[in-house]
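Structure, as structure tokens:
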Amino acid sequence: MSGSKRGGGLLVAGTTSDAGKSVVTAGICRWLSRQGVKVAPFKAQNMSLNSFVTREGAEIGRAQAMQAQAARVEPTALMNPVLLKPGSDRSSQVVLLGKPVGEMSARGYHGGRQERLLGVVTDCLEELRGTYDAVICEGAGSPAEINLRRTDIVNMGIARAARFPVVVVGDIDRGGVFASFFGTTALLSPEDQSLIAGYLVNKFRGDVSLLEPGMEMLRGLTGRATYGVLPYRHGLGIDEEDGMGVPPAGGWGRASLRGAVRESVVAPPIGEDVLRVAVCAVPLMSNFTDVDALAAEPGVVVRFVERAEELADADLVVVPGTRGTVRALEWLRRRGLADALVRRAAEGRPVLGICGGFQALGEHIEDEVESKAGAVAGLGLLPVRVRFAAEKTLARPVGSALGEPVEGYEIHHGVAEVLGGEPFLDGCRVGEVWGTHWHGSLESDGFRRAFLREVAAAAGRRFVPSPDTSFAALREEQLDLLGDLIEEHADTGALLGLIESGAPAGLPFLPPGAP
């Protein structure tokens, strides 16, 4: 495949949101990279509050950054040209080629803006195809959202523009996967149906032979093969669009996070005690992947909480990033969590605020940009005043804290004026209350261990951080597991043929009553 002037590709679509498109795309990227194929991920449009800053200072979805890591390439804005960051149940910030270009309602976006962006996203895809041997595209939601097909730029719209074959992923753990495959295909127009090459079953538990009759019947009904059955694996949902299968908070149909636990991927504690971390599940929570590095530590249990009483046994409380700092403050106060945080600070019990959470811990907020609420009192736990600027800060800072090197990334409109306390990254520390705008800082292993030692001492825990836990190495292991799933359980020869063809499958299928 190497040496072609215009790379081939594939679109990974799904029967539903959270069918596993992100991890399947990453798995295909890692498998191809192992074969010596120069491959890049691509998602034309992503709706997510989990984002990342590339080295050129562009904001993209974290899922695409993770897929780029799977492909062993540097992430760029080309890989996710349109990012939508929900700010309410009706509007989102539109990030185009890594930079915010304004707020837009769902009706306004789908009413014309989205359609005009098709040229932008196809240009980005073509540029990637001119650089890489293959581009693996991830769809969004379902390609059978027929109410949105006219303005679609991320599913069949991009597949038709690029003449890419499409593999549809279905989550069998939810049930009804064969009906979902058939119905997804049946709802498409004949032109779009011709691009559907086949199906991929995801999250299967049990004996694959029990599925074989269904797959044969599906082939008879649709004329399309099933390219593999991927087994259910715990701990593989890394850096998906919004993690844990939960859409962003605040009116987008978000389920309760109460008691949700970030799964530990390593060993039991080294010391005598475990360390309990409670993460306040604030509205419009963003980049809560920050706590994944904590969950990767042996003996650290991370859970998301929504009630004040759930903080009682926590050794560390994290107030995470949010797209709505003022709204998060209101939520914390309404649920009694604000008072609980104030009591913790007075008792010398550890609290960490990250980005919007850091802003909420300050004294005063002036916001005429995000919430347009004007002057709002913070929790007063840190000597910080925040003013929201129209221009978003996007940066990849490097520094040190607790005697250890730290790397991170910044994504925020709030500008913090630190008026006292002990310097801590770009923020400050007062007693056992810490605050910073830096996302990703806990992925720096030495700093994370030093921070956890401070937390354990303040909490009176006999907890010992692992001396050799490498978050980067653990992430690589997870990405290799995704590659293994594709290599061991998918028809890689057939997939490679589809990717190399870069052309529609051309398979007829038009059940009675289809559009």
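Every chain in the structure tokens takes a letter, A first, then B, and so on in the order presented; its residues are numbered from 1, and the ligands are numbered from 1 following the presented order.
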Item checked: Residue list (strand (DSSP E), DSSP) for range 279-401 of chain A, as an MDAnalysis selection string -> chainID A and resid 279:280 285:286 300:305 316:319 321:322 351:354 364:367 374:377 384:395 398:401
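For the pair CA of Ala19 in chain A and CA of Thr131 in chain A, the interatomic distance is 29.4 Å.
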Next item on the list: Determine which residues of range 83-318 of chain A receive a DSSP assignment of alpha helix (DSSP H), computed from the backbone, and state them as JSON, numbers by chain.
Entry: {"A": [106, 107, 108, 114, 115, 116, 118, 119, 120, 121, 122, 123, 124, 125, 126, 127, 128, 129, 130, 131, 156, 157, 158, 159, 160, 161, 162, 177, 178, 179, 180, 181, 182, 183, 184, 185, 186, 190, 191, 192, 193, 212, 213, 214, 215, 216, 217, 218, 219, 220, 221, 222, 292, 293, 294, 295]}
Store the residues picked out above in a file with C-alpha atoms, as a short mmCIF file (atom, residue, chain, number, x, y, z; two decimals), in the first residue's frame.
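Wrote it out as selection.cif, contents follow:
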data_model
loop_
_atom_site.label_atom_id
_atom_site.label_comp_id
_atom_site.auth_asym_id
_atom_site.auth_seq_id
_atom_site.Cartn_x
_atom_site.Cartn_y
_atom_site.Cartn_z
CA ALA A 106 -28.70 22.86 16.70
CA ARG A 107 -31.37 24.18 14.32
CA GLY A 108 -29.04 26.82 12.93
CA GLN A 114 -23.26 22.12 8.45
CA GLU A 115 -23.92 21.67 4.75
CA ARG A 116 -21.54 24.52 3.90
CA LEU A 118 -18.77 19.74 3.61
CA GLY A 119 -16.14 21.34 1.37
CA VAL A 120 -13.92 22.07 4.38
CA VAL A 121 -14.03 18.53 5.71
CA THR A 122 -13.52 16.91 2.29
CA ASP A 123 -10.50 19.18 1.72
CA CYS A 124 -9.04 18.02 5.05
CA LEU A 125 -9.68 14.39 4.15
CA GLU A 126 -8.06 14.81 0.75
CA GLU A 127 -5.01 16.41 2.33
CA LEU A 128 -4.67 13.43 4.67
CA ARG A 129 -5.08 11.04 1.74
CA GLY A 130 -2.27 12.81 -0.04
CA THR A 131 0.03 12.23 2.95
CA MET A 156 -22.73 8.77 4.42
CA GLY A 157 -22.10 12.36 3.29
CA ILE A 158 -18.34 11.98 3.70
CA ALA A 159 -18.35 8.35 2.50
CA ARG A 160 -20.11 9.35 -0.71
CA ALA A 161 -17.83 12.35 -1.24
CA ALA A 162 -14.69 10.22 -0.77
CA VAL A 177 -27.82 -6.26 16.68
CA PHE A 178 -29.13 -8.09 13.58
CA ALA A 179 -32.25 -5.94 13.43
CA SER A 180 -30.03 -2.88 13.86
CA PHE A 181 -27.77 -3.90 10.99
CA PHE A 182 -30.72 -4.66 8.70
CA GLY A 183 -32.69 -1.56 9.67
CA THR A 184 -29.68 0.74 9.34
CA THR A 185 -29.07 -0.48 5.80
CA ALA A 186 -32.74 -0.51 4.82
CA PRO A 190 -29.90 3.16 -2.85
CA GLU A 191 -26.84 5.36 -3.46
CA ASP A 192 -25.83 5.20 0.20
CA GLN A 193 -26.68 1.50 0.46
CA GLU A 212 -23.28 -17.95 12.79
CA PRO A 213 -26.87 -18.76 11.74
CA GLY A 214 -27.85 -15.13 12.29
CA MET A 215 -24.90 -13.86 10.30
CA GLU A 216 -25.78 -16.19 7.41
CA MET A 217 -29.40 -15.03 7.48
CA LEU A 218 -28.23 -11.40 7.53
CA ARG A 219 -26.05 -12.07 4.52
CA GLY A 220 -28.98 -13.63 2.70
CA LEU A 221 -31.18 -10.63 3.46
CA THR A 222 -28.65 -7.91 2.69
CA ASP A 292 -7.78 8.27 34.30
CA ALA A 293 -4.15 8.58 35.37
CA LEU A 294 -5.27 8.40 39.01
CA ALA A 295 -7.41 5.34 38.32
#
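Distance annotation: of A:His439, A:Arg349, A:Arg343, A:Arg163, the residue with the minimal separation from Gly380 in chain A is A:Arg343; atom set is only C-alpha atoms.
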Note to self: Please list as a ChimeraX atom specification every residue within 12 Å of Pro298 in chain A, counting only C-alpha atoms and excluding residues in the same chain fewer than 3 positions away.
What the structure shows: /A:263-276,293-295,301-302,449,452,463-471
Next item on the list: Determine, counting only C-alpha atoms, which protein, DNA and RNA residues have an atom within 10 Å of an atom of Val277 in chain A; residues of the same chain fewer than 4 positions away are not included. Present the result as a list in words.
Entry: Val261, Val291, Leu294, Ala295, Val300, Val301, Val302, Arg303, Phe304, Val305, Leu311, Asp313, Ala314, Asp315, Leu316, Val317, Val318, Pro350 and Val351 of chain A
Please produce, as CSV, a per-residue contact table for range 118-191 of chain A versus range 30-35 of chain A (criterion: any atom at most 10 Å away, only C-alpha atoms considered), showing the nearest atom pair and its distance in Å to one decimal, sorted by chain then residue number.
residue,atom,partner,partner_atom,distance
A:Asp133,CA,A:Leu32,CA,9.9
A:Ala134,CA,A:Leu32,CA,8.8
A:Ile136,CA,A:Leu32,CA,9.9
Writer output for current selection, N, CA and C atoms, as a tab-separated table (two decimals), in the first residue's frame:
chain	number	residue	atom	x	y	z
A	133	ASP	N	-0.99	6.50	3.58
A	133	ASP	CA	-1.40	5.37	2.76
A	133	ASP	C	-2.89	5.06	2.92
A	134	ALA	N	-3.40	5.30	4.10
A	134	ALA	CA	-4.80	4.99	4.39
A	134	ALA	C	-5.34	5.97	5.41
A	136	ILE	N	-8.62	6.12	8.10
A	136	ILE	CA	-9.75	5.41	8.69
A	136	ILE	C	-10.67	6.45	9.33
Next item on the list: List the neighbours of Val82 in chain A out to 9 Å using only C-alpha atoms; skip same-chain residues closer than 2 positions along the sequence, and give me the result as a ChimeraX atom specification.
Entry: /A:43-47,60,77,80,84,94-98,117,121
Item checked: Shell of 10 Å around Ala328 in chain A, only C-alpha atoms, local chain residues under 6 positions omitted, as a list of chain:residue names -> A:Cys280, A:Ala281, A:Val282, A:Pro283, A:Leu284, A:Met285, A:Val319, A:Pro320, A:Gly321, A:Thr322, A:Arg334, A:Gly356, A:Gly357, A:Ala360
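Residue neighbourhood of Pro100 in chain A, excluding near-sequence residues (fewer than 5 positions): Gly57, Ala58, Glu59, Ile60, Pro81, Val82, Leu83, Leu84, Lys85, Ser92, Gln93, Val94, Val95, Ala390, Glu391, Lys392, Thr393, Leu394, Ile411, His412 and His413 of chain A, at 12 Å, using only C-alpha atoms.
Distance-wise, CA of Ser189 in chain A and CA of Thr151 in chain A end up 14.5 Å apart.
Nearest to Glu309 in chain A of all the residues A:Arg335, A:Arg461, A:Arg385, A:Arg453 is A:Arg335, based on only C-alpha atoms.
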Checklist line | CA of Asp18 in chain A to CA of Gly87 in chain A, straight-line distance in Å | finding: 20.9 Å
Check: From the set A:Ile365, A:Leu78, A:Leu425, A:Ala63, which residue has the shortest atom-to-atom contact distance to Glu138 in chain A, counting only C-alpha atoms?
Finding: A:Ala63
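Candidate residues A:Arg396, A:Arg150, A:Lys21, A:Arg307 were compared for distance to Gly170 in chain A, and the nearest is A:Lys21, using only C-alpha atoms.
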